[in-house]
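The structure file data-v1.tsv is reproduced below (TSV, C-alpha atoms).
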chain	number	residue	atom	x	y	z
A	1	GLN	CA	-9.64	-8.04	16.73
A	2	VAL	CA	-10.60	-6.40	13.47
A	3	GLN	CA	-9.90	-8.44	10.33
A	4	LEU	CA	-10.27	-7.48	6.69
A	5	GLN	CA	-10.79	-9.78	3.72
A	6	GLU	CA	-10.73	-8.80	0.06
A	7	SER	CA	-12.90	-10.62	-2.46
A	8	GLY	CA	-13.64	-10.39	-6.16
A	9	PRO	CA	-12.70	-11.74	-9.58
A	10	GLY	CA	-9.04	-12.61	-10.08
A	11	LEU	CA	-9.18	-12.00	-13.82
A	12	VAL	CA	-10.58	-8.95	-15.61
A	13	LYS	CA	-10.54	-8.21	-19.35
A	14	PRO	CA	-8.91	-5.05	-20.67
A	15	SER	CA	-11.29	-2.05	-20.91
A	16	GLU	CA	-13.67	-3.62	-18.38
A	17	THR	CA	-14.27	-2.64	-14.75
A	18	LEU	CA	-12.41	-4.20	-11.84
A	19	SER	CA	-14.64	-4.69	-8.80
A	20	LEU	CA	-13.49	-5.71	-5.33
A	21	THR	CA	-15.13	-5.85	-1.92
A	22	CYS	CA	-13.52	-5.71	1.50
A	23	THR	CA	-15.42	-7.33	4.35
A	24	VAL	CA	-14.67	-6.09	7.85
A	25	SER	CA	-15.12	-8.53	10.73
A	26	GLY	CA	-14.53	-8.27	14.45
A	27	GLY	CA	-15.50	-4.62	14.59
A	28	SER	CA	-17.73	-1.97	13.08
A	29	ILE	CA	-17.00	-0.10	9.90
A	30	SER	CA	-18.48	3.01	11.52
A	31	GLY	CA	-16.21	5.70	12.87
A	32	TYR	CA	-13.26	5.00	10.58
A	33	SER	CA	-11.91	5.65	7.13
A	34	TRP	CA	-11.14	2.66	4.92
A	35	SER	CA	-8.58	2.49	2.18
A	36	TRP	CA	-7.50	0.60	-0.90
A	37	ILE	CA	-3.82	0.10	-1.75
A	38	ARG	CA	-2.28	-1.91	-4.57
A	39	GLN	CA	1.07	-3.41	-5.51
A	40	PRO	CA	1.85	-4.27	-9.14
A	41	PRO	CA	4.15	-7.27	-9.60
A	42	GLY	CA	7.71	-6.33	-8.77
A	43	LYS	CA	6.76	-2.76	-7.89
A	44	GLY	CA	6.02	-0.70	-4.80
A	45	LEU	CA	2.83	0.06	-2.94
A	46	GLU	CA	0.41	2.63	-4.39
A	47	TRP	CA	-2.38	4.24	-2.35
A	48	ILE	CA	-5.61	4.22	-4.38
A	49	GLY	CA	-8.00	6.09	-2.14
A	50	TYR	CA	-10.14	6.02	0.98
A	51	ILE	CA	-13.73	6.34	2.08
A	52	TYR	CA	-15.05	7.60	5.40
A	53	TYR	CA	-17.81	5.44	6.84
A	54	SER	CA	-20.27	8.27	6.17
A	55	GLY	CA	-19.43	8.09	2.46
A	56	SER	CA	-17.00	10.94	1.75
A	57	THR	CA	-14.09	9.85	-0.40
A	58	MET	CA	-10.64	10.87	-1.55
A	59	SER	CA	-8.68	9.23	-4.35
A	60	ASN	CA	-5.17	9.36	-5.76
A	61	PRO	CA	-5.14	11.87	-8.64
A	62	SER	CA	-3.18	9.32	-10.68
A	63	LEU	CA	-6.31	7.13	-10.75
A	64	LYS	CA	-9.04	9.51	-9.68
A	65	SER	CA	-11.15	9.57	-12.83
A	66	ARG	CA	-11.33	5.77	-13.00
A	67	VAL	CA	-11.84	4.96	-9.30
A	68	THR	CA	-15.06	4.66	-7.35
A	69	ILE	CA	-15.05	3.70	-3.68
A	70	SER	CA	-18.28	2.98	-1.85
A	71	VAL	CA	-19.35	1.76	1.58
A	72	ASP	CA	-22.13	-0.53	2.79
A	73	THR	CA	-22.39	-0.05	6.53
A	74	SER	CA	-25.26	-2.52	6.88
A	75	ASN	CA	-23.00	-5.33	5.68
A	76	ASN	CA	-19.76	-3.94	7.13
A	77	GLN	CA	-18.20	-3.78	3.68
A	78	PHE	CA	-16.59	-1.27	1.37
A	79	SER	CA	-15.86	-1.64	-2.30
A	80	LEU	CA	-13.56	-0.54	-5.09
A	81	LYS	CA	-14.28	-0.14	-8.78
A	82	VAL	CA	-11.60	0.73	-11.33
A	83	SER	CA	-12.93	1.36	-14.81
A	84	SER	CA	-11.26	0.97	-18.20
A	85	VAL	CA	-8.55	-1.31	-16.87
A	86	THR	CA	-5.34	-2.11	-18.71
A	87	ALA	CA	-2.47	-4.48	-17.99
A	88	ALA	CA	-0.97	-1.73	-15.83
A	89	ASP	CA	-3.80	-2.32	-13.33
A	90	THR	CA	-2.62	-5.88	-12.70
A	91	ALA	CA	-1.68	-5.92	-9.03
A	92	VAL	CA	-2.29	-7.33	-5.59
A	93	TYR	CA	-5.05	-5.18	-4.13
A	94	TYR	CA	-5.16	-4.62	-0.37
A	95	CYS	CA	-7.82	-3.08	1.81
A	96	ALA	CA	-6.87	-1.43	5.09
A	97	ARG	CA	-8.33	0.63	7.91
A	98	ILE	CA	-6.98	4.10	8.50
A	99	SER	CA	-6.34	4.31	12.22
A	100	SER	CA	-4.98	7.18	14.23
A	101	ARG	CA	-3.17	8.21	17.39
A	102	GLY	CA	-3.53	11.93	17.89
A	103	SER	CA	-2.65	13.60	14.60
A	104	TYR	CA	-0.84	10.53	13.23
A	105	TYR	CA	-2.68	8.40	10.70
A	106	PHE	CA	-1.61	4.97	9.52
A	107	PHE	CA	-2.91	1.84	7.81
A	108	ASP	CA	-3.78	-0.78	10.40
A	109	PRO	CA	-4.91	-3.49	10.01
A	110	TRP	CA	-4.63	-4.67	6.40
A	111	GLY	CA	-6.21	-7.52	4.51
A	112	GLN	CA	-4.03	-10.24	3.04
A	113	GLY	CA	-4.54	-8.95	-0.48
A	114	THR	CA	-6.01	-10.37	-3.64
A	115	LEU	CA	-4.30	-10.64	-7.02
A	116	VAL	CA	-6.18	-9.17	-9.93
A	117	THR	CA	-4.84	-9.87	-13.39
A	118	VAL	CA	-5.95	-7.85	-16.40
A	119	SER	CA	-5.78	-10.03	-19.48
A	120	SER	CA	-7.94	-11.09	-22.38
B	1	ASP	CA	3.32	14.12	-4.66
B	2	ILE	CA	5.86	13.48	-1.91
B	3	GLN	CA	8.48	10.97	-3.06
B	4	MET	CA	9.76	8.47	-0.51
B	5	THR	CA	13.15	6.87	-1.11
B	6	GLN	CA	14.43	3.94	0.90
B	7	SER	CA	17.95	2.60	1.13
B	8	PRO	CA	19.21	0.04	0.70
B	9	SER	CA	16.77	-1.73	-1.63
B	10	SER	CA	17.98	-5.05	-0.30
B	11	LEU	CA	20.04	-6.15	2.63
B	12	SER	CA	21.54	-9.44	3.75
B	13	ALA	CA	22.09	-9.94	7.46
B	14	SER	CA	22.45	-12.63	10.09
B	15	VAL	CA	20.41	-13.47	13.16
B	16	GLY	CA	21.57	-11.22	15.97
B	17	ASP	CA	22.76	-8.40	13.69
B	18	ARG	CA	21.77	-4.78	14.17
B	19	VAL	CA	20.16	-3.43	11.01
B	20	THR	CA	19.24	0.10	9.95
B	21	ILE	CA	17.01	1.06	7.04
B	22	ILE	CA	16.88	4.65	5.81
B	23	CYS	CA	13.88	6.49	4.39
B	24	ARG	CA	14.07	9.98	2.90
B	25	SER	CA	11.18	12.19	1.78
B	26	SER	CA	11.31	14.72	-1.04
B	27	GLN	CA	10.00	17.44	1.28
B	28	SER	CA	9.62	17.86	5.00
B	29	ILE	CA	6.93	15.63	6.49
B	30	SER	CA	7.56	16.47	10.15
B	31	SER	CA	7.06	13.16	11.98
B	32	TYR	CA	4.27	11.84	9.76
B	33	LEU	CA	6.15	8.69	8.85
B	34	ASN	CA	5.08	5.07	9.32
B	35	TRP	CA	6.95	1.78	8.92
B	36	TYR	CA	5.45	-1.55	7.86
B	37	GLN	CA	6.71	-5.12	7.68
B	38	HIS	CA	5.49	-7.32	4.84
B	39	LYS	CA	5.94	-11.05	4.41
B	40	PRO	CA	4.91	-12.84	1.17
B	41	GLY	CA	1.24	-13.80	1.11
B	42	LYS	CA	0.50	-12.05	4.38
B	43	ALA	CA	-1.08	-8.77	5.35
B	44	PRO	CA	1.41	-5.93	5.83
B	45	LYS	CA	1.93	-5.14	9.51
B	46	LEU	CA	2.33	-1.73	11.11
B	47	LEU	CA	5.50	-1.45	13.17
B	48	ILE	CA	6.06	2.25	13.84
B	49	TYR	CA	3.84	5.32	13.50
B	50	GLY	CA	4.65	8.98	13.98
B	51	ALA	CA	8.29	8.22	13.09
B	52	SER	CA	9.15	6.77	16.50
B	53	SER	CA	6.08	5.36	18.26
B	54	LEU	CA	6.05	1.59	18.55
B	55	GLN	CA	2.73	0.00	17.64
B	56	SER	CA	1.19	-2.09	20.39
B	57	GLY	CA	2.40	-5.69	20.31
B	58	VAL	CA	5.50	-4.97	18.22
B	59	PRO	CA	8.75	-6.21	19.82
B	60	SER	CA	10.95	-3.54	21.38
B	61	ARG	CA	13.90	-4.53	19.16
B	62	PHE	CA	12.20	-2.38	16.51
B	63	SER	CA	12.70	1.36	16.79
B	64	GLY	CA	12.23	4.38	14.57
B	65	SER	CA	13.72	7.83	14.56
B	66	GLY	CA	13.92	11.00	12.53
B	67	SER	CA	11.91	14.02	11.53
B	68	GLY	CA	11.74	16.41	8.61
B	69	THR	CA	13.08	14.47	5.63
B	70	ASP	CA	15.35	11.77	7.10
B	71	PHE	CA	14.15	8.72	8.98
B	72	THR	CA	15.52	5.38	10.13
B	73	LEU	CA	14.12	2.03	11.17
B	74	THR	CA	16.45	0.01	13.36
B	75	ILE	CA	16.19	-3.62	14.37
B	76	SER	CA	18.53	-4.05	17.31
B	77	SER	CA	19.02	-7.82	17.15
B	78	LEU	CA	17.59	-9.62	14.14
B	79	GLN	CA	15.38	-12.61	14.81
B	80	PRO	CA	14.48	-15.29	12.24
B	81	GLU	CA	10.94	-13.95	11.95
B	82	ASP	CA	12.21	-10.47	10.98
B	83	PHE	CA	13.28	-11.47	7.47
B	84	ALA	CA	10.75	-9.62	5.33
B	85	THR	CA	10.31	-6.49	3.23
B	86	TYR	CA	10.02	-3.17	5.04
B	87	TYR	CA	8.22	-0.08	3.73
B	88	CYS	CA	8.07	3.49	4.91
B	89	GLN	CA	4.97	5.61	4.21
B	90	GLN	CA	4.22	9.29	4.65
B	91	SER	CA	0.89	10.42	6.09
B	92	TYR	CA	1.70	14.16	5.91
B	93	ASN	CA	-0.64	14.69	3.00
B	94	THR	CA	-2.49	12.92	0.23
B	95	PRO	CA	-1.76	11.16	-1.95
B	96	TYR	CA	-0.20	8.97	0.71
B	97	THR	CA	3.03	7.52	-0.69
B	98	PHE	CA	5.32	4.63	0.16
B	99	GLY	CA	8.99	3.93	-0.23
B	100	GLN	CA	9.94	1.27	-2.75
B	101	GLY	CA	10.73	-1.23	0.00
B	102	THR	CA	13.80	-2.80	1.57
B	103	LYS	CA	14.04	-6.58	1.31
B	104	LEU	CA	15.85	-8.06	4.29
B	105	ASP	CA	17.08	-11.58	3.79
B	106	ILE	CA	19.30	-14.08	5.53
B	107	LYS	CA	23.03	-13.91	4.85

Mind converting the file's structure to structure tokens?
Amino acid sequence: QVQLQESGPGLVKPSETLSLTCTVSGGSISGYSWSWIRQPPGKGLEWIGYIYYSGSTMSNPSLKSRVTISVDTSNNQFSLKVSSVTAADTAVYYCARISSRGSYYFFDPWGQGTLVTVSS
Amino acid sequence: DIQMTQSPSSLSASVGDRVTIICRSSQSISSYLNWYQHKPGKAPKLLIYGASSLQSGVPSRFSGSGSGTDFTLTISSLQPEDFATYYCQQSYNTPYTFGQGTKLDIK
């Protein structure tokens, strides 16, 4: 059973870069796309972007210029960097696999999420 | 971006009740609609994909229907473990977008 676990600093200073890693266990990162999703306190879920295991990426235009997603197949991990953070980037960050049945794509499974607070 | 709107935002119900949550998209998304259950501190869980297909391992009391712009998630007989927040999500195109959530709590 595939499991995902987010890791990284829980506190980031404004204007700095937020960095998170998602470690995939119980299965290979190869053959799938992997995504980051976040949820600011009291708000809804926002899709950040995804990376295919081969390295191609797609990001939400709302964040695109500040987001970098990368993959490390040798360690079964993928990572997120968000630059020039502000308080608006405070959120629980989730990683998830993009799975499919036919032409239907969905996020499954997800990690439990990690809270990142942007504050000086 | 495709906007997803859920109603109601919150709902109080009792064990054994039948509950329906509505999700509407700002444009037609065919059947590219997924439903998730989320409990505090836990990983969100996929319930329904393709508007009406039950994910493996999900109890049959959960069902989904709809196509185009109007969708529903129905729980036929609420169980204690079903009290959670439910989200719809469109996978028709990027950026993928979610509804704002429906919090289901105990009456």

Counting only C-alpha atoms, select every polymer residue within 6 Å of (11.9, 6.3, 17.9) as defined in the file's coordinates, and provide the selection as a short mmCIF file (atom, residue, chain, number, x, y, z; two decimals) with C-alpha atoms, in the coordinates of the input.
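And here's result_6.cif as it stands now:
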data_model
loop_
_atom_site.label_atom_id
_atom_site.label_comp_id
_atom_site.auth_asym_id
_atom_site.auth_seq_id
_atom_site.Cartn_x
_atom_site.Cartn_y
_atom_site.Cartn_z
CA SER B 52 9.15 6.77 16.50
CA SER B 53 6.08 5.36 18.26
CA SER B 63 12.70 1.36 16.79
CA GLY B 64 12.23 4.38 14.57
CA SER B 65 13.72 7.83 14.56
#

Length of the CA of Ser12 in chain B to CA of Ser91 in chain B vector [Å]: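 For CA of Ser12 in chain B relative to CA of Ser91 in chain B, the distance reads 28.7 Å.
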
At a cut-off of 12 Å from (9.1, 2.4, -0.6) in the coordinates of the file, what residues are picked up using only C-alpha atoms, written as a PDB file with C-alpha atoms, in the frame of the given file?
ATOM      1  CA  GLN A  39       1.070  -3.410  -5.510  1.00  0.00           C
ATOM      2  CA  LYS A  43       6.760  -2.760  -7.890  1.00  0.00           C
ATOM      3  CA  GLY A  44       6.020  -0.700  -4.800  1.00  0.00           C
ATOM      4  CA  LEU A  45       2.830   0.060  -2.940  1.00  0.00           C
ATOM      5  CA  GLU A  46       0.410   2.630  -4.390  1.00  0.00           C
ATOM      6  CA  TRP A  47      -2.380   4.240  -2.350  1.00  0.00           C
TER       7      TRP A  47
ATOM      8  CA  ILE B   2       5.860  13.480  -1.910  1.00  0.00           C
ATOM      9  CA  GLN B   3       8.480  10.970  -3.060  1.00  0.00           C
ATOM     10  CA  MET B   4       9.760   8.470  -0.510  1.00  0.00           C
ATOM     11  CA  THR B   5      13.150   6.870  -1.110  1.00  0.00           C
ATOM     12  CA  GLN B   6      14.430   3.940   0.900  1.00  0.00           C
ATOM     13  CA  SER B   7      17.950   2.600   1.130  1.00  0.00           C
ATOM     14  CA  PRO B   8      19.210   0.040   0.700  1.00  0.00           C
ATOM     15  CA  SER B   9      16.770  -1.730  -1.630  1.00  0.00           C
ATOM     16  CA  SER B  10      17.980  -5.050  -0.300  1.00  0.00           C
ATOM     17  CA  ILE B  21      17.010   1.060   7.040  1.00  0.00           C
ATOM     18  CA  ILE B  22      16.880   4.650   5.810  1.00  0.00           C
ATOM     19  CA  CYS B  23      13.880   6.490   4.390  1.00  0.00           C
ATOM     20  CA  ARG B  24      14.070   9.980   2.900  1.00  0.00           C
ATOM     21  CA  SER B  25      11.180  12.190   1.780  1.00  0.00           C
ATOM     22  CA  LEU B  33       6.150   8.690   8.850  1.00  0.00           C
ATOM     23  CA  ASN B  34       5.080   5.070   9.320  1.00  0.00           C
ATOM     24  CA  TRP B  35       6.950   1.780   8.920  1.00  0.00           C
ATOM     25  CA  TYR B  36       5.450  -1.550   7.860  1.00  0.00           C
ATOM     26  CA  GLN B  37       6.710  -5.120   7.680  1.00  0.00           C
ATOM     27  CA  HIS B  38       5.490  -7.320   4.840  1.00  0.00           C
ATOM     28  CA  THR B  85      10.310  -6.490   3.230  1.00  0.00           C
ATOM     29  CA  TYR B  86      10.020  -3.170   5.040  1.00  0.00           C
ATOM     30  CA  TYR B  87       8.220  -0.080   3.730  1.00  0.00           C
ATOM     31  CA  CYS B  88       8.070   3.490   4.910  1.00  0.00           C
ATOM     32  CA  GLN B  89       4.970   5.610   4.210  1.00  0.00           C
ATOM     33  CA  GLN B  90       4.220   9.290   4.650  1.00  0.00           C
ATOM     34  CA  TYR B  96      -0.200   8.970   0.710  1.00  0.00           C
ATOM     35  CA  THR B  97       3.030   7.520  -0.690  1.00  0.00           C
ATOM     36  CA  PHE B  98       5.320   4.630   0.160  1.00  0.00           C
ATOM     37  CA  GLY B  99       8.990   3.930  -0.230  1.00  0.00           C
ATOM     38  CA  GLN B 100       9.940   1.270  -2.750  1.00  0.00           C
ATOM     39  CA  GLY B 101      10.730  -1.230   0.000  1.00  0.00           C
ATOM     40  CA  THR B 102      13.800  -2.800   1.570  1.00  0.00           C
ATOM     41  CA  LYS B 103      14.040  -6.580   1.310  1.00  0.00           C
TER      42      LYS B 103
END

Enumerate, in order of chain and increasing residue number, the residues of chain B with an atom no farther than 6 Å from chain A, each with its shortest atom pair and distance in Å to one decimal, counting all atoms listed in the file, as JSON lines.
{"residue": "B:Lys42", "atom": "CA", "partner": "A:Gln112", "partner_atom": "CA", "distance": 5.1}
{"residue": "B:Ala43", "atom": "CA", "partner": "A:Gln112", "partner_atom": "CA", "distance": 4.0}
{"residue": "B:Gly50", "atom": "CA", "partner": "A:Tyr104", "partner_atom": "CA", "distance": 5.8}
{"residue": "B:Pro95", "atom": "CA", "partner": "A:Asn60", "partner_atom": "CA", "distance": 5.4}
{"residue": "B:Gln100", "atom": "CA", "partner": "A:Gly44", "partner_atom": "CA", "distance": 4.8}

Selection: 12 Å around Gln79 in chain B, only C-alpha atoms, excl. self and same-chain fewer than 3 positions, as a list in words: Ala13, Ser14, Val15, Gly16, Asp17, Arg18, Val19, Pro59, Arg61, Phe62, Ile75, Ser76, Asp82, Phe83, Ala84, Leu104, Asp105 and Ile106 of chain B

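CA of Pro44 in chain B to CA of Tyr93 in chain A spans 11.9 Å [interatomic distance, one decimal].
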
Determine the nearest neighbour of Ser30 in chain A from the options A:Leu18, A:Ile98, A:Ala91, A:Leu63, counting only C-alpha atoms. A:Ile98

Work out where the centre of an axis-aligned box around every listed atom of range 77-92 of chain A lies and how long its edges are once 6 Å is added on each side; give both in Å to one decimal as lines of an AutoDock Vina configuration file.
center_x = -9.6
center_y = -3.0
center_z = -7.5
size_x = 29.2
size_y = 20.7
size_z = 34.4

Do you have the CA of Tyr32 in chain B-CA of Ser99 in chain A distance handy? 13.2 Å

Compare A:Gln1, A:Asn76, A:Thr117, A:Ser7 by their minimum atom-to-atom distance to Ser28 in chain A, counting only C-alpha atoms, and give me the closest one. A:Asn76

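For the residues B:Pro40, B:Lys45, B:Thr20, B:Asp70, ranking by smallest atom-to-atom distance to Val58 in chain B using only C-alpha atoms places B:Lys45 first.
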
Residue nearest Ser30 in chain B - candidates B:Gly68, B:Thr94, B:Leu73, B:Lys107, atoms counted: all atoms listed in the file: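 Of the candidates, the smallest distance to Ser30 in chain B is held by B:Gly68.
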